[in-house]
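**Q** Got a file for you: upload33.pdb, PDB, C-alpha atoms.
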ATOM      1  CA  MET V  27      66.721  69.737 121.173
ATOM      2  CA  ALA V  28      64.630  72.570 122.516
ATOM      3  CA  VAL V  29      60.903  72.161 123.085
ATOM      4  CA  ILE V  30      58.405  74.988 122.748
ATOM      5  CA  LEU V  31      56.443  75.525 125.953
ATOM      6  CA  LYS V  32      54.352  78.457 124.831
ATOM      7  CA  ASP V  33      54.037  80.678 121.765
ATOM      8  CA  GLU V  34      52.270  83.756 120.478
ATOM      9  CA  THR V  35      52.165  85.494 117.108
ATOM     10  CA  ALA V  36      51.519  89.162 116.336
ATOM     11  CA  TRP V  37      51.533  91.294 113.212
ATOM     12  CA  ILE V  38      53.819  94.158 112.306
ATOM     13  CA  LYS V  39      51.876  96.373 109.940
ATOM     14  CA  SER V  40      52.454  99.928 111.120
ATOM     15  CA  SER V  41      54.917 101.798 113.280
ATOM     16  CA  SER V  42      52.588 101.572 116.286
ATOM     17  CA  ASP V  43      53.086  97.810 116.081
ATOM     18  CA  ILE V  44      56.788  98.395 116.874
ATOM     19  CA  VAL V  45      55.695  99.808 120.247
ATOM     20  CA  LYS V  46      53.374  96.789 120.686
ATOM     21  CA  VAL V  47      56.194  94.348 119.910
ATOM     22  CA  ARG V  48      58.389  96.048 122.534
ATOM     23  CA  GLN V  49      55.599  95.723 125.112
ATOM     24  CA  LEU V  50      54.869  92.114 124.202
ATOM     25  CA  VAL V  51      58.525  91.060 124.416
ATOM     26  CA  ARG V  52      58.882  92.981 127.694
ATOM     27  CA  ASP V  53      55.845  91.177 129.174
ATOM     28  CA  TRP V  54      57.229  87.782 128.185
ATOM     29  CA  ALA V  55      60.724  88.577 129.467
ATOM     30  CA  ILE V  56      59.288  89.701 132.829
ATOM     31  CA  ALA V  57      57.080  86.593 133.075
ATOM     32  CA  MET V  58      60.137  84.416 132.393
ATOM     33  CA  GLY V  59      62.117  86.057 135.155
ATOM     34  CA  PHE V  60      64.798  87.825 133.108
ATOM     35  CA  SER V  61      66.766  90.527 134.910
ATOM     36  CA  LEU V  62      66.090  94.159 134.041
ATOM     37  CA  VAL V  63      69.250  94.428 131.928
ATOM     38  CA  GLU V  64      68.404  91.196 130.071
ATOM     39  CA  GLN V  65      64.841  92.397 129.483
ATOM     40  CA  THR V  66      66.126  95.698 128.129
ATOM     41  CA  LYS V  67      68.552  93.981 125.768
ATOM     42  CA  ILE V  68      66.046  91.607 124.200
ATOM     43  CA  VAL V  69      63.351  94.292 123.982
ATOM     44  CA  THR V  70      65.802  96.649 122.258
ATOM     45  CA  ALA V  71      66.941  93.927 119.842
ATOM     46  CA  ALA V  72      63.282  93.111 119.072
ATOM     47  CA  SER V  73      62.567  96.784 118.455
ATOM     48  CA  GLU V  74      65.399  96.980 115.894
ATOM     49  CA  LEU V  75      64.180  93.864 114.079
ATOM     50  CA  ALA V  76      60.515  94.897 114.127
ATOM     51  CA  ARG V  77      61.487  98.188 112.521
ATOM     52  CA  ASN V  78      63.579  96.373 109.895
ATOM     53  CA  ALA V  79      60.629  94.100 109.072
ATOM     54  CA  LEU V  80      58.412  97.143 108.632
ATOM     55  CA  ASP V  81      60.832  99.470 106.825
ATOM     56  CA  TYR V  82      62.542  96.967 104.544
ATOM     57  CA  GLY V  83      60.118  94.051 104.464
ATOM     58  CA  GLY V  84      56.905  96.058 104.185
ATOM     59  CA  GLY V  85      55.641  94.511 107.429
ATOM     60  CA  GLY V  86      55.416  90.940 108.577
ATOM     61  CA  GLU V  87      54.881  88.855 111.641
ATOM     62  CA  VAL V  88      56.605  88.254 114.928
ATOM     63  CA  ARG V  89      56.483  84.964 116.801
ATOM     64  CA  LEU V  90      57.450  84.654 120.457
ATOM     65  CA  GLU V  91      58.367  81.280 121.904
ATOM     66  CA  MET V  92      59.293  80.130 125.359
ATOM     67  CA  ILE V  93      61.729  77.311 124.717
ATOM     68  CA  GLN V  94      63.370  74.751 126.983
ATOM     69  CA  ASN V  95      66.344  72.477 126.398
ATOM     70  CA  GLU V  96      68.089  70.073 128.780
ATOM     71  CA  LEU V  97      69.741  72.868 130.694
ATOM     72  CA  ARG V  98      67.828  76.063 130.455
ATOM     73  CA  ARG V  99      64.870  78.075 129.312
ATOM     74  CA  GLY V 100      64.985  80.777 126.689
ATOM     75  CA  LEU V 101      62.940  83.409 124.933
ATOM     76  CA  LYS V 102      63.069  83.147 121.158
ATOM     77  CA  VAL V 103      61.630  85.901 118.982
ATOM     78  CA  THR V 104      61.314  85.377 115.234
ATOM     79  CA  PHE V 105      60.552  88.067 112.643
ATOM     80  CA  ILE V 106      59.296  87.031 109.219
ATOM     81  CA  ASP V 107      58.634  89.317 106.302
ATOM     82  CA  GLN V 108      57.905  88.704 102.618
ATOM     83  CA  GLY V 109      59.862  91.738 101.471
ATOM     84  CA  PRO V 110      62.619  91.961  98.858
ATOM     85  CA  GLY V 111      65.088  90.072 101.073
ATOM     86  CA  ILE V 112      68.728  90.883 101.696
ATOM     87  CA  PRO V 113      70.987  90.117  98.719
ATOM     88  CA  ASP V 114      74.263  90.366 100.656
ATOM     89  CA  LEU V 115      73.874  89.101 104.219
ATOM     90  CA  GLU V 116      77.524  89.463 105.112
ATOM     91  CA  GLN V 117      77.470  93.133 104.245
ATOM     92  CA  ALA V 118      74.127  93.709 105.987
ATOM     93  CA  LEU V 119      75.568  92.344 109.226
ATOM     94  CA  LYS V 120      78.441  94.807 109.242
ATOM     95  CA  ASP V 121      78.278  97.811 111.558
ATOM     96  CA  GLY V 122      77.343 100.959 109.745
ATOM     97  CA  PHE V 123      75.619  99.233 106.853
ATOM     98  CA  SER V 124      72.298 100.801 106.029
ATOM     99  CA  THR V 125      70.118 101.316 103.015
ATOM    100  CA  GLY V 126      67.519 103.163 105.025
ATOM    101  CA  THR V 127      67.289 105.975 107.495
ATOM    102  CA  GLY V 128      68.868 104.267 110.504
ATOM    103  CA  MET V 129      72.460 104.292 111.702
ATOM    104  CA  GLY V 130      73.071 100.885 110.212
ATOM    105  CA  LEU V 131      73.122  99.313 113.642
ATOM    106  CA  GLY V 132      69.895  97.351 113.307
ATOM    107  CA  LEU V 133      71.066  93.833 112.467
ATOM    108  CA  SER V 134      74.586  93.934 113.879
ATOM    109  CA  GLY V 135      73.402  95.749 117.023
ATOM    110  CA  ALA V 136      70.535  93.319 117.613
ATOM    111  CA  LYS V 137      72.961  90.414 117.211
ATOM    112  CA  ARG V 138      75.206  91.751 119.973
ATOM    113  CA  LEU V 139      72.281  92.032 122.398
ATOM    114  CA  VAL V 140      71.227  88.377 122.359
ATOM    115  CA  SER V 141      72.665  84.903 122.998
ATOM    116  CA  GLU V 142      71.797  83.460 119.596
ATOM    117  CA  PHE V 143      71.063  85.068 116.273
ATOM    118  CA  GLU V 144      69.931  83.351 113.073
ATOM    119  CA  ILE V 145      69.097  84.963 109.778
ATOM    120  CA  ASP V 146      67.763  83.484 106.584
ATOM    121  CA  SER V 147      67.276  85.740 103.618
ATOM    122  CA  ALA V 148      67.983  86.072  99.922
ATOM    123  CA  ALA V 149      66.941  88.459  97.184
ATOM    124  CA  GLY V 150      63.255  87.917  96.401
ATOM    125  CA  ARG V 151      62.660  85.493  99.273
ATOM    126  CA  GLY V 152      61.855  87.719 102.234
ATOM    127  CA  THR V 153      63.705  87.655 105.507
ATOM    128  CA  LYS V 154      63.474  85.544 108.641
ATOM    129  CA  VAL V 155      65.463  86.570 111.697
ATOM    130  CA  SER V 156      65.431  84.748 115.037
ATOM    131  CA  ILE V 157      66.938  85.944 118.273
ATOM    132  CA  THR V 158      67.177  83.945 121.497
ATOM    133  CA  ARG V 159      68.177  84.886 125.011
ATOM    134  CA  TRP V 160      68.769  82.028 127.418
ATOM    135  CA  ARG V 161      68.193  82.096 131.128
ATOM    136  CA  ASN V 162      70.150  79.855 133.432
ATOM    137  CA  THR V 163      67.822  77.802 135.564
TER     138      THR V 163
ATOM    139  CA  MET Y   4      48.490 110.496 118.660
ATOM    140  CA  GLU Y   5      50.101 111.577 121.897
ATOM    141  CA  ARG Y   6      52.552 114.477 121.936
ATOM    142  CA  ILE Y   7      55.435 115.139 124.239
ATOM    143  CA  PRO Y   8      55.027 118.391 126.192
ATOM    144  CA  ILE Y   9      57.794 121.001 126.039
ATOM    145  CA  LEU Y  10      57.925 123.169 129.176
ATOM    146  CA  LYS Y  11      59.634 126.542 129.307
ATOM    147  CA  MET Y  12      61.741 127.132 132.420
ATOM    148  CA  GLY Y  13      63.400 130.541 132.151
ATOM    149  CA  PRO Y  14      65.943 130.366 129.328
ATOM    150  CA  TYR Y  15      65.637 126.555 129.137
ATOM    151  CA  LEU Y  16      63.193 124.042 127.745
ATOM    152  CA  LEU Y  17      62.367 120.889 129.653
ATOM    153  CA  VAL Y  18      61.219 117.845 127.716
ATOM    154  CA  THR Y  19      60.171 114.842 129.760
ATOM    155  CA  ILE Y  20      59.543 111.681 127.790
ATOM    156  CA  GLN Y  21      57.090 109.523 129.696
ATOM    157  CA  VAL Y  22      55.702 107.262 127.024
ATOM    158  CA  ASP Y  23      57.103 104.377 125.037
ATOM    159  CA  MET Y  24      57.700 106.536 122.009
ATOM    160  CA  HIS Y  25      56.066 105.802 118.702
ATOM    161  CA  ASP Y  26      58.498 106.653 115.858
ATOM    162  CA  ARG Y  27      56.241 109.427 114.616
ATOM    163  CA  VAL Y  28      56.041 110.976 118.082
ATOM    164  CA  ALA Y  29      59.837 111.157 118.085
ATOM    165  CA  MET Y  30      59.878 112.886 114.693
ATOM    166  CA  THR Y  31      57.202 115.375 115.797
ATOM    167  CA  LEU Y  32      59.235 116.158 118.905
ATOM    168  CA  GLN Y  33      62.281 117.074 116.780
ATOM    169  CA  ASP Y  34      60.192 119.525 114.756
ATOM    170  CA  GLU Y  35      58.362 121.088 117.668
ATOM    171  CA  LEU Y  36      61.425 121.414 119.842
ATOM    172  CA  THR Y  37      63.497 123.202 117.207
ATOM    173  CA  GLN Y  38      60.626 125.624 116.576
ATOM    174  CA  GLN Y  39      60.217 126.230 120.291
ATOM    175  CA  ILE Y  40      63.955 126.943 120.720
ATOM    176  CA  VAL Y  41      63.747 129.694 118.135
ATOM    177  CA  LYS Y  42      60.421 131.077 119.352
ATOM    178  CA  ASP Y  43      61.487 131.281 123.007
ATOM    179  CA  HIS Y  44      65.165 132.141 122.334
ATOM    180  CA  ALA Y  45      65.936 129.130 124.522
ATOM    181  CA  ARG Y  46      69.590 128.670 125.504
ATOM    182  CA  GLY Y  47      69.337 125.102 126.657
ATOM    183  CA  VAL Y  48      67.281 121.920 126.447
ATOM    184  CA  LEU Y  49      66.950 119.347 129.190
ATOM    185  CA  LEU Y  50      65.843 116.037 127.763
ATOM    186  CA  ASP Y  51      64.615 113.883 130.642
ATOM    187  CA  ILE Y  52      64.462 110.158 129.821
ATOM    188  CA  SER Y  53      64.177 108.902 133.398
ATOM    189  CA  SER Y  54      60.888 107.125 132.576
ATOM    190  CA  VAL Y  55      62.163 105.596 129.351
ATOM    191  CA  ASP Y  56      62.767 101.841 129.457
ATOM    192  CA  VAL Y  57      64.014 101.302 125.915
ATOM    193  CA  VAL Y  58      66.196 103.401 123.635
ATOM    194  CA  ASP Y  59      66.811 101.662 120.335
ATOM    195  CA  SER Y  60      68.923 103.006 117.459
ATOM    196  CA  PHE Y  61      66.009 105.010 116.068
ATOM    197  CA  ILE Y  62      65.322 106.820 119.336
ATOM    198  CA  GLY Y  63      69.057 107.143 119.992
ATOM    199  CA  ARG Y  64      69.492 108.789 116.629
ATOM    200  CA  MET Y  65      66.598 111.130 117.414
ATOM    201  CA  ILE Y  66      68.346 112.163 120.655
ATOM    202  CA  GLY Y  67      71.594 112.811 118.766
ATOM    203  CA  ASN Y  68      69.704 114.812 116.133
ATOM    204  CA  ILE Y  69      67.986 116.954 118.733
ATOM    205  CA  ALA Y  70      71.333 117.795 120.346
ATOM    206  CA  ALA Y  71      72.890 118.629 116.959
ATOM    207  CA  MET Y  72      69.933 120.733 115.799
ATOM    208  CA  ALA Y  73      69.764 122.602 119.123
ATOM    209  CA  ARG Y  74      73.498 123.335 118.902
ATOM    210  CA  MET Y  75      73.006 124.938 115.499
ATOM    211  CA  LEU Y  76      70.306 127.094 117.039
ATOM    212  CA  ASP Y  77      72.704 128.155 119.820
ATOM    213  CA  ALA Y  78      71.125 126.008 122.523
ATOM    214  CA  GLU Y  79      72.875 123.324 124.556
ATOM    215  CA  THR Y  80      71.232 119.951 125.170
ATOM    216  CA  VAL Y  81      71.724 117.856 128.270
ATOM    217  CA  LEU Y  82      70.266 114.358 128.346
ATOM    218  CA  VAL Y  83      69.254 113.457 131.884
ATOM    219  CA  GLY Y  84      68.067 110.461 133.869
ATOM    220  CA  MET Y  85      69.152 107.571 131.662
ATOM    221  CA  LYS Y  86      68.493 104.233 133.380
ATOM    222  CA  PRO Y  87      71.527 101.965 133.880
ATOM    223  CA  ALA Y  88      69.970  99.139 131.833
ATOM    224  CA  VAL Y  89      69.410 101.566 128.959
ATOM    225  CA  ALA Y  90      73.029 102.785 129.127
ATOM    226  CA  ILE Y  91      74.369  99.197 129.074
ATOM    227  CA  THR Y  92      72.126  98.268 126.148
ATOM    228  CA  LEU Y  93      72.927 101.384 124.103
ATOM    229  CA  VAL Y  94      76.673 100.832 124.360
ATOM    230  CA  GLU Y  95      76.312  97.158 123.386
ATOM    231  CA  LEU Y  96      74.093  98.173 120.515
ATOM    232  CA  GLY Y  97      77.023 100.285 119.316
ATOM    233  CA  MET Y  98      75.549 103.669 120.071
ATOM    234  CA  SER Y  99      77.486 105.684 122.622
ATOM    235  CA  LEU Y 100      75.750 109.006 121.841
ATOM    236  CA  ALA Y 101      79.087 110.766 121.483
ATOM    237  CA  GLY Y 102      78.549 114.494 121.427
ATOM    238  CA  VAL Y 103      75.487 114.431 123.664
ATOM    239  CA  ARG Y 104      76.097 115.805 127.162
ATOM    240  CA  THR Y 105      74.525 113.853 129.987
ATOM    241  CA  ALA Y 106      73.707 114.376 133.657
ATOM    242  CA  LEU Y 107      72.279 111.997 136.229
ATOM    243  CA  ASN Y 108      69.165 114.021 136.964
ATOM    244  CA  VAL Y 109      67.296 117.201 136.053
ATOM    245  CA  GLU Y 110      68.877 119.204 138.884
ATOM    246  CA  LYS Y 111      72.436 118.346 137.804
ATOM    247  CA  GLY Y 112      71.539 118.904 134.174
ATOM    248  CA  MET Y 113      70.174 122.331 134.996
ATOM    249  CA  ALA Y 114      73.384 123.232 136.865
ATOM    250  CA  MET Y 115      75.378 122.089 133.827
ATOM    251  CA  LEU Y 116      73.343 124.331 131.528
ATOM    252  CA  GLN Y 117      73.694 127.299 133.888
ATOM    253  CA  ASN Y 118      77.452 126.866 134.037
ATOM    254  CA  SER Y 119      77.874 126.639 130.316
ATOM    255  CA  LEU Y 120      75.579 129.619 129.775
ATOM    256  CA  LYS Y 121      77.722 131.676 132.169
ATOM    257  CA  GLY Y 122      80.823 130.727 130.218
ATOM    258  CA  LYS Y 123      79.133 131.609 126.945
ATOM    259  CA  GLU Y 124      77.976 135.013 128.112
ATOM    260  CA  THR Y 125      81.546 136.064 128.836
ATOM    261  CA  PHE Y 126      82.633 135.358 125.258
ATOM    262  CA  GLY Y 127      79.518 134.752 123.275
ATOM    263  CA  ARG Y 128      76.337 136.513 122.353
ATOM    264  CA  ASN Y 129      74.826 139.180 124.569
ATOM    265  CA  THR Y 130      71.472 137.983 125.801
ATOM    266  CA  GLN Y 131      70.375 141.500 126.753
ATOM    267  CA  GLY Y 132      70.592 142.619 123.128
TER     268      GLY Y 132
END
Let me see the structure of the file written as structure tokens.
**A**
Amino acid sequence: MAVILKDETAWIKSSSDIVKVRQLVRDWAIAMGFSLVEQTKIVTAASELARNALDYGGGGEVRLEMIQNELRRGLKVTFIDQGPGIPDLEQALKDGFSTGTGMGLGLSGAKRLVSEFEIDSAAGRGTKVSITRWRNT
Amino acid sequence: MERIPILKMGPYLLVTIQVDMHDRVAMTLQDELTQQIVKDHARGVLLDISSVDVVDSFIGRMIGNIAAMARMLDAETVLVGMKPAVAITLVELGMSLAGVRTALNVEKGMAMLQNSLKGKETFGRNTQG
């Protein structure tokens, strides 16, 4: 079971908050000693999910956590919105699926950039997405 | 809100992105760049992203759009200076920017534009007209 060593929460209310989320995740990834490529991957994944929360969820919150299990330390970033939710998760996770203005790479692309990906959503219930990248210690 | 400067260099336009781009800044750049291409009769655009640390699907799409729009206005786009970590991440994200020409740096990108302009002048439009 992973323990949380440190956490921070920020809001996603406007598109300038997407830039702030990128900077926040970058700062945490640097502080945790992730390599440049690893930093870039988790920051990019966070950027996709922050934009989803804003565009589809009408905004929400992001929670960063430094977590530790028996073997390693990881950075977990969770996005929560109270928007309309995703009625068909399986379809939403397919490449090329989009109801908005993107390329439909948001969810599936973000998933490929991280070690772990969890999503919980249903129509009318909002959406919660967590991504984790582990570091070997 | 900050804006991204567009510099005229002979028949080319140089755009150097040095900020972590707000979505709206990216949209404004598309508009201003297409207008500038027409106004200056630019034949090429060098898009320098050597200071950019993150390209997500939104910014990637903006880059693809700029190249496509410039092409319709008879200008070539060369994307220069992409960082290795950005290239790795973009491909994993599923965005290979097919159709966008790239060069390692501004100098090589400029040479690429000059070469393709030479080729075009033999067959294509007469720039003296």
**Q** Do you know which residues are at most 12 Å from Gly111 of chain V counting only C-alpha atoms, after dropping those on the same chain fewer than 5 positions away, and could you put them as a PyMOL selection string?
**A** chain V and resi 78-79+81-84+106+118+145-155
**Q** May I have the centre and edge lengths, in Å to one decimal, of an axis-aligned box around the listed atoms of segment 95-113 of chain V with 6 Å added to every side, as AutoDock Vina command-line options?
**A**
--center_x 64.4 --center_y 81.0 --center_z 114.7 --size_x 25.1 --size_y 33.9 --size_z 44.0
**Q** Using all atoms listed in the file, determine which residues of chain Y fall within 9 Å of chain V; present them as a PyMOL selection string.
**A** chain Y and resi 23-27+56-61+64+87-89+91-93+95-98
**Q** I need the residue set behind the PyMOL selection byres ((chain V and resi 97) around 10) for this file; please write it as a PyMOL selection string.
**A** chain V and resi 28+94-96+98-99+160-163
**Q** What would the list of residues within 10 Å of (71.6, 111.7, 119.1) (file frame) look like as JSON, numbers by chain, if all atoms listed in the file are what count?
**A** {"Y": [60, 61, 62, 63, 64, 65, 66, 67, 68, 69, 70, 71, 72, 82, 98, 99, 100, 101, 102, 103]}
**Q** Save out the residues we just selected, C-alpha atoms, as a PDB file, in the frame of the given file.
**A**
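File produced: selection-v6.pdb:
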ATOM      1  CA  SER Y  60      68.923 103.006 117.459  1.00  0.00           C
ATOM      2  CA  PHE Y  61      66.009 105.010 116.068  1.00  0.00           C
ATOM      3  CA  ILE Y  62      65.322 106.820 119.336  1.00  0.00           C
ATOM      4  CA  GLY Y  63      69.057 107.143 119.992  1.00  0.00           C
ATOM      5  CA  ARG Y  64      69.492 108.789 116.629  1.00  0.00           C
ATOM      6  CA  MET Y  65      66.598 111.130 117.414  1.00  0.00           C
ATOM      7  CA  ILE Y  66      68.346 112.163 120.655  1.00  0.00           C
ATOM      8  CA  GLY Y  67      71.594 112.811 118.766  1.00  0.00           C
ATOM      9  CA  ASN Y  68      69.704 114.812 116.133  1.00  0.00           C
ATOM     10  CA  ILE Y  69      67.986 116.954 118.733  1.00  0.00           C
ATOM     11  CA  ALA Y  70      71.333 117.795 120.346  1.00  0.00           C
ATOM     12  CA  ALA Y  71      72.890 118.629 116.959  1.00  0.00           C
ATOM     13  CA  MET Y  72      69.933 120.733 115.799  1.00  0.00           C
ATOM     14  CA  LEU Y  82      70.266 114.358 128.346  1.00  0.00           C
ATOM     15  CA  MET Y  98      75.549 103.669 120.071  1.00  0.00           C
ATOM     16  CA  SER Y  99      77.486 105.684 122.622  1.00  0.00           C
ATOM     17  CA  LEU Y 100      75.750 109.006 121.841  1.00  0.00           C
ATOM     18  CA  ALA Y 101      79.087 110.766 121.483  1.00  0.00           C
ATOM     19  CA  GLY Y 102      78.549 114.494 121.427  1.00  0.00           C
ATOM     20  CA  VAL Y 103      75.487 114.431 123.664  1.00  0.00           C
TER      21      VAL Y 103
END
**Q** Write out as a list in words which residues come within 9 Å of Gly86 of chain V when counting all atoms listed in the file, dropping same-chain ones fewer than 3 positions away.
**A**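 Selected residues are Ala36, Trp37, Ile38, Lys39, Ala76, Ala79, Leu80, Gly83, Phe105, Ile106, Asp107, Gln108 and Gly109 of chain V.
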**Q** Using the selection just defined, write its residues with C-alpha atoms as a PDB file, in the frame of the given file.
**A**
ATOM      1  CA  ALA V  36      51.519  89.162 116.336  1.00  0.00           C
ATOM      2  CA  TRP V  37      51.533  91.294 113.212  1.00  0.00           C
ATOM      3  CA  ILE V  38      53.819  94.158 112.306  1.00  0.00           C
ATOM      4  CA  LYS V  39      51.876  96.373 109.940  1.00  0.00           C
ATOM      5  CA  ALA V  76      60.515  94.897 114.127  1.00  0.00           C
ATOM      6  CA  ALA V  79      60.629  94.100 109.072  1.00  0.00           C
ATOM      7  CA  LEU V  80      58.412  97.143 108.632  1.00  0.00           C
ATOM      8  CA  GLY V  83      60.118  94.051 104.464  1.00  0.00           C
ATOM      9  CA  PHE V 105      60.552  88.067 112.643  1.00  0.00           C
ATOM     10  CA  ILE V 106      59.296  87.031 109.219  1.00  0.00           C
ATOM     11  CA  ASP V 107      58.634  89.317 106.302  1.00  0.00           C
ATOM     12  CA  GLN V 108      57.905  88.704 102.618  1.00  0.00           C
ATOM     13  CA  GLY V 109      59.862  91.738 101.471  1.00  0.00           C
TER      14      GLY V 109
END
**Q** Pick out the closest residue to Met12 of chain Y from this set: Y:Gly84, Y:Ala45, Y:Ala73, Y:Asp34. Count only C-alpha atoms.
**A** Y:Ala45
**Q** What would segment 48-61 of chain V look like with N, CA and C atoms in place, written as a PDB file, in the frame of the given file?
**A**
ATOM      1  N   ARG V  48      57.543  95.780 121.359  1.00  0.00           N
ATOM      2  CA  ARG V  48      58.389  96.048 122.534  1.00  0.00           C
ATOM      3  C   ARG V  48      57.660  95.649 123.813  1.00  0.00           C
ATOM      4  N   GLN V  49      56.365  96.031 123.899  1.00  0.00           N
ATOM      5  CA  GLN V  49      55.599  95.723 125.112  1.00  0.00           C
ATOM      6  C   GLN V  49      55.383  94.224 125.285  1.00  0.00           C
ATOM      7  N   LEU V  50      55.106  93.557 124.167  1.00  0.00           N
ATOM      8  CA  LEU V  50      54.869  92.114 124.202  1.00  0.00           C
ATOM      9  C   LEU V  50      56.136  91.360 124.656  1.00  0.00           C
ATOM     10  N   VAL V  51      57.269  91.726 124.062  1.00  0.00           N
ATOM     11  CA  VAL V  51      58.525  91.060 124.416  1.00  0.00           C
ATOM     12  C   VAL V  51      58.882  91.377 125.875  1.00  0.00           C
ATOM     13  N   ARG V  52      58.627  92.600 126.289  1.00  0.00           N
ATOM     14  CA  ARG V  52      58.882  92.981 127.694  1.00  0.00           C
ATOM     15  C   ARG V  52      58.039  92.110 128.633  1.00  0.00           C
ATOM     16  N   ASP V  53      56.737  91.974 128.324  1.00  0.00           N
ATOM     17  CA  ASP V  53      55.845  91.177 129.174  1.00  0.00           C
ATOM     18  C   ASP V  53      56.337  89.728 129.296  1.00  0.00           C
ATOM     19  N   TRP V  54      56.735  89.163 128.176  1.00  0.00           N
ATOM     20  CA  TRP V  54      57.229  87.782 128.185  1.00  0.00           C
ATOM     21  C   TRP V  54      58.526  87.674 128.978  1.00  0.00           C
ATOM     22  N   ALA V  55      59.429  88.631 128.775  1.00  0.00           N
ATOM     23  CA  ALA V  55      60.724  88.577 129.467  1.00  0.00           C
ATOM     24  C   ALA V  55      60.540  88.710 130.980  1.00  0.00           C
ATOM     25  N   ILE V  56      59.580  89.552 131.391  1.00  0.00           N
ATOM     26  CA  ILE V  56      59.288  89.701 132.829  1.00  0.00           C
ATOM     27  C   ILE V  56      58.719  88.386 133.361  1.00  0.00           C
ATOM     28  N   ALA V  57      57.727  87.833 132.631  1.00  0.00           N
ATOM     29  CA  ALA V  57      57.080  86.593 133.075  1.00  0.00           C
ATOM     30  C   ALA V  57      58.097  85.454 133.198  1.00  0.00           C
ATOM     31  N   MET V  58      59.150  85.494 132.364  1.00  0.00           N
ATOM     32  CA  MET V  58      60.137  84.416 132.393  1.00  0.00           C
ATOM     33  C   MET V  58      61.246  84.678 133.393  1.00  0.00           C
ATOM     34  N   GLY V  59      61.166  85.793 134.078  1.00  0.00           N
ATOM     35  CA  GLY V  59      62.117  86.057 135.155  1.00  0.00           C
ATOM     36  C   GLY V  59      63.470  86.604 134.720  1.00  0.00           C
ATOM     37  N   PHE V  60      63.543  87.212 133.541  1.00  0.00           N
ATOM     38  CA  PHE V  60      64.798  87.825 133.108  1.00  0.00           C
ATOM     39  C   PHE V  60      65.094  89.058 133.959  1.00  0.00           C
ATOM     40  N   SER V  61      66.376  89.334 134.166  1.00  0.00           N
ATOM     41  CA  SER V  61      66.766  90.527 134.910  1.00  0.00           C
ATOM     42  C   SER V  61      66.427  91.765 134.073  1.00  0.00           C
TER      43      SER V  61
END
